[in-house]
Each structure stands twice: as structure tokens, then as C-alpha cells.
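> Dropping the structure in here first, questions after.
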Amino acid sequence: MEVRGMKLYKKIILLGIIIVLLIPILGLKSQNKDKLELMMEMLHDANASFIEGDISLGGTLLDQDLDIKELEEIGDSIKEQLGIKGTLLEGQLVNLDQLKEGYYSKEYIEDGNFNQVMIQGMDHRDNFITISLSSYAVEGQSGETSLYINLINSEQFIENNDIIVEVEKIFEKYNKPINVTSCIVGSISGNIDMETNKKKILEIANSVKGKVVEKYEEDGIVSYSIFSPLIEEYIYTGDKKMNLNIALRHSDIEDETYILIGTPIITIGY
């Protein structure tokens, strides 16, 4: 699985924004390094090779709407805080080759009562970072401004704990809670049938004392929602707590079985 193109990234990012902002803050605490390590241990237990890590952080930043200039000022401050490097390439989203050559991008959307500034670039750890600030006004009301930050890295995952801490500081500054989701993608060579897939997921769940609360199976994909007492954060699915999502799917084209592990849920497409 190679790093995806920018169009696909944007679709995933928009999906992530919707899901992250809909997650109720129920027992949700700060992400920590131990949890990231635990996810990597689960990937190792599945005998899978690490492909990519994805961390999404977001929520409401202000209970008021902002104009483009105000959003840009906040975005530029966050860019500096997160160490996004490079030269601005205005008017377009950069591709990965341009990112690696030292550019970053900034995109603006002004559509009636909706404003958005999106900044994309890379930091010194080669994290592909997207900062999305969105603001909307409602007639007769104060409006709302939200911040969403996504990190994607194909080389390292656990080391990004300090960035999580930096983003938490941003939300603390505005006295707002933050939603954090993490996902890792790994691969296992060859095909694994559905029954073996189920067994493998249950073995991984047992390794973290997890209890399955929901399962989904369709067209070679198996996905389980799990609650593990080893992970502090949780959300609700119906009336049941969950904080771990594990999925497996096979690609006939690549003859690889992909495993996705997410906490508390998987927010990228599979």
C-alpha cells in the first residue's frame, strides 16, 4: 500500500472531520504514549508489517464564527507550533514530491456563511500534517469554529506523542475538550480466509483483555468493536462502551491482507 494521492487524502480527511466531531466526549481522556505502544504491540502480535500510522485530533475551538483572516492567523500559529517546514506554494495543494522538496500549501474556502483554511505540510519527522480550521455563522446565533489536525506517517508512530501533547495545549488555551483518534495500518502477506480472520482478531482482543461488543462482516472484510480495560478512553456504541476497533480485509490485486487497528474507532477508509 503506497502513500495515497492528495485527492484520496482529502476525502479521508473530510470523513475524519465528520466522524471526529460527532464522537461524544464520554470518558474520553488524553491520548498517551502507552496506548500508541499498545497498538504497535497488537500489530506485532498479528505478525503484520507496519505500513502507516494516522492520528486525528479535533473539536470545537470557539463558540463564534471567524473570518478568513482570523482563521489564517490561528492556522499560521499552529503551523509554527507543530514545526511544519518549507516554502509556501500558494493557490494549490502540494503533492508528496513537493512536500519532500520543502514546500507546504494553504487553501482557502469562502462560501456564504462558511469559511475554511487548510494548511498541509511536513515536519522534521516527515509527518504529513493537515491543519483544517472551519468556521460557520448562523443567523441570530454566535456560530462556531472548529479545528481538526491529522498526522500521517509511514515510518514512525509512537514518537508522535509529543505532537499530541502540543495539540492538547492548543485546546487547553481555548478551554475546550479535544477528541483524539489513532489508527495504524499493517499488512500480512497472502490471503487469509474469513474464519482465520475472525480468529486472529479475537486473539488480538484477548491479548488486551478485550470484550467484543459489535462485529461486522461483508465481502471479505471483518471488523470488530471492542472494549479493553487497558485503554482509558472510551465512547459508546448504543449503550455499550468501546475503545478499540480492529478490522481485516484482503486485497486480491496485491495479494495482501491488511489489518487496521483504531482507538477508539477506525476513522480512515478500508
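Ligands are numbered from 1 in the order shown, chains are lettered A, B, ... in the order of the C-alpha cells, and residues start at 1 in each chain.
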Enumerate, in order of chain and increasing residue number, the residues of stretch 58-111 of chain A with an atom no farther than 9 Å from stretch 155-178 of chain A, each with its shortest atom pair and distance in Å to one decimal, counting only C-alpha atoms, as JSON lines.

```
{"residue": "A:Gly58", "atom": "CA", "partner": "A:Ile178", "partner_atom": "CA", "distance": 5.6}
{"residue": "A:Gly59", "atom": "CA", "partner": "A:Ile178", "partner_atom": "CA", "distance": 5.4}
{"residue": "A:Thr60", "atom": "CA", "partner": "A:Lys176", "partner_atom": "CA", "distance": 7.0}
{"residue": "A:Leu61", "atom": "CA", "partner": "A:Lys176", "partner_atom": "CA", "distance": 6.2}
{"residue": "A:Leu62", "atom": "CA", "partner": "A:Tyr174", "partner_atom": "CA", "distance": 7.1}
{"residue": "A:Ile78", "atom": "CA", "partner": "A:Ile170", "partner_atom": "CA", "distance": 8.1}
{"residue": "A:Gln81", "atom": "CA", "partner": "A:Glu166", "partner_atom": "CA", "distance": 7.6}
{"residue": "A:Leu82", "atom": "CA", "partner": "A:Ile163", "partner_atom": "CA", "distance": 6.9}
```
> Residues near A:Gly262, anyone? I mean within 9 Å using only C-alpha atoms, not counting same-chain ones fewer than 4 positions away, as a PyMOL selection string.
chain A and resi 39+181-185+243-247+266-267
> Would you output that residue set with all heavy atoms, as a short mmCIF file (atom, residue, chain, number, x, y, z; two decimals), in the first residue's frame?

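Written file, part04.cif:
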```
data_model
loop_
_atom_site.label_atom_id
_atom_site.label_comp_id
_atom_site.auth_asym_id
_atom_site.auth_seq_id
_atom_site.Cartn_x
_atom_site.Cartn_y
_atom_site.Cartn_z
N MET A 39 -0.90 -0.37 20.71
CA MET A 39 -1.38 -0.63 19.35
C MET A 39 -0.30 -1.28 18.49
O MET A 39 -0.57 -2.20 17.71
CB MET A 39 -1.85 0.68 18.71
CG MET A 39 -3.08 1.27 19.37
SD MET A 39 -3.49 2.93 18.74
CE MET A 39 -4.02 2.53 17.07
N THR A 181 -8.30 10.37 17.96
CA THR A 181 -8.39 9.01 17.44
C THR A 181 -7.06 8.65 16.79
O THR A 181 -6.39 9.50 16.20
CB THR A 181 -9.52 8.86 16.40
OG1 THR A 181 -9.22 9.67 15.26
CG2 THR A 181 -10.86 9.26 16.98
N SER A 182 -6.69 7.39 16.91
CA SER A 182 -5.44 6.91 16.33
C SER A 182 -5.71 5.63 15.55
O SER A 182 -6.56 4.83 15.93
CB SER A 182 -4.39 6.62 17.41
OG SER A 182 -4.13 7.77 18.17
N CYS A 183 -4.97 5.45 14.48
CA CYS A 183 -5.14 4.24 13.68
C CYS A 183 -3.79 3.84 13.09
O CYS A 183 -3.01 4.70 12.69
CB CYS A 183 -6.15 4.48 12.56
SG CYS A 183 -6.48 3.03 11.53
N ILE A 184 -3.54 2.54 13.07
CA ILE A 184 -2.36 2.04 12.37
C ILE A 184 -2.80 1.00 11.35
O ILE A 184 -3.79 0.30 11.53
CB ILE A 184 -1.31 1.42 13.33
CG1 ILE A 184 -1.94 0.38 14.25
CG2 ILE A 184 -0.60 2.47 14.12
CD1 ILE A 184 -0.92 -0.34 15.12
N VAL A 185 -2.06 0.96 10.25
CA VAL A 185 -2.34 0.01 9.17
C VAL A 185 -1.13 -0.89 9.01
O VAL A 185 0.01 -0.40 8.97
CB VAL A 185 -2.62 0.75 7.84
CG1 VAL A 185 -2.95 -0.25 6.74
CG2 VAL A 185 -3.75 1.75 8.01
N ASN A 243 -13.61 1.04 22.89
CA ASN A 243 -12.42 1.89 22.76
C ASN A 243 -11.37 1.29 21.83
O ASN A 243 -10.24 1.77 21.77
CB ASN A 243 -11.80 2.18 24.13
CG ASN A 243 -11.52 0.93 24.94
OD1 ASN A 243 -11.53 -0.18 24.41
ND2 ASN A 243 -11.29 1.11 26.23
N LEU A 244 -11.76 0.26 21.10
CA LEU A 244 -10.82 -0.41 20.21
C LEU A 244 -11.59 -0.97 19.01
O LEU A 244 -12.64 -1.57 19.18
CB LEU A 244 -10.10 -1.54 20.95
CG LEU A 244 -9.06 -2.35 20.17
CD1 LEU A 244 -7.91 -1.48 19.70
CD2 LEU A 244 -8.53 -3.49 21.05
N ASN A 245 -11.06 -0.74 17.82
CA ASN A 245 -11.69 -1.19 16.58
C ASN A 245 -10.62 -1.91 15.76
O ASN A 245 -9.58 -1.32 15.45
CB ASN A 245 -12.25 0.03 15.85
CG ASN A 245 -13.16 -0.29 14.70
OD1 ASN A 245 -13.56 0.59 13.95
ND2 ASN A 245 -13.56 -1.54 14.51
N ILE A 246 -10.86 -3.16 15.44
CA ILE A 246 -9.89 -3.94 14.66
C ILE A 246 -10.58 -4.48 13.42
O ILE A 246 -11.68 -5.04 13.50
CB ILE A 246 -9.30 -5.11 15.47
CG1 ILE A 246 -8.67 -4.61 16.76
CG2 ILE A 246 -8.26 -5.86 14.64
CD1 ILE A 246 -8.16 -5.72 17.67
N ALA A 247 -9.95 -4.29 12.26
CA ALA A 247 -10.54 -4.77 11.00
C ALA A 247 -9.46 -5.44 10.15
O ALA A 247 -8.28 -5.08 10.20
CB ALA A 247 -11.17 -3.61 10.23
N ILE A 266 -11.84 3.29 14.06
CA ILE A 266 -11.07 3.50 12.83
C ILE A 266 -11.74 4.62 12.05
O ILE A 266 -12.93 4.54 11.73
CB ILE A 266 -11.03 2.22 11.98
CG1 ILE A 266 -10.28 1.10 12.71
CG2 ILE A 266 -10.37 2.49 10.63
CD1 ILE A 266 -10.43 -0.27 12.08
N THR A 267 -10.99 5.68 11.75
CA THR A 267 -11.57 6.83 11.05
C THR A 267 -11.06 6.97 9.62
O THR A 267 -11.35 7.97 8.97
CB THR A 267 -11.28 8.13 11.82
OG1 THR A 267 -9.87 8.25 12.02
CG2 THR A 267 -12.01 8.16 13.14
#
```
> Tell me, as a PyMOL selection string, which residues lie within 9 Å of A:Lys35, counting only C-alpha atoms; anything in the same chain fewer than 4 positions away does not count.
chain A and resi 31+39-40+158+230-232+263
> Which residues are near stretch 104-108 of chain A? Cut-off 12 Å, only C-alpha atoms, ignore same chain within fewer than 3 positions. Put them as JSON, numbers by chain.
{"A": [6, 10, 67, 68, 69, 71, 72, 75, 76, 79, 83, 84, 85, 86, 87, 88, 89, 90, 91, 92, 93, 94, 95, 96, 97, 98, 99, 100, 101, 111, 114, 115, 116, 117, 118, 119, 120, 121, 122, 123, 128, 129, 130, 131, 132, 133, 134, 135]}
> Please report, as JSON, numbers by chain, each residue of stretch 79-249 of chain A to which DSSP assigns strand (DSSP E or B) when run on this structure's backbone.
{"A": [85, 87, 88, 89, 90, 103, 104, 105, 106, 107, 108, 109, 110, 111, 114, 115, 116, 117, 118, 119, 120, 121, 122, 128, 129, 130, 131, 132, 133, 134, 135, 136, 144, 145, 146, 147, 148, 149, 150, 151, 152, 153, 179, 180, 181, 182, 183, 184, 185, 186, 187, 188, 189, 211, 212, 213, 214, 215, 216, 217, 218, 221, 222, 223, 224, 225, 226, 227, 235, 236, 237, 240, 241, 242, 244, 245, 246, 247, 248, 249]}
> Got a sec to tell me which of stretch 125-200 of chain A DSSP assigns to alpha helix (DSSP H), as a PyMOL selection string?
chain A and resi 161-173+194-200
> At what distance in Å, to one decimal, does atom CA of A:Ala48 lie from atom CA of A:Glu256?
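So the answer is 10.4 Å.
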> When you count only C-alpha atoms, which of these residues is closest to A:Ala205: A:Gly269, A:Gly143, A:Gly102, A:Pro229?
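Nearest to A:Ala205: A:Pro229.
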> Hey, can you check how far atom CA of A:Ile226 sits from atom CA of A:Glu214?
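So the answer is 7.1 Å.
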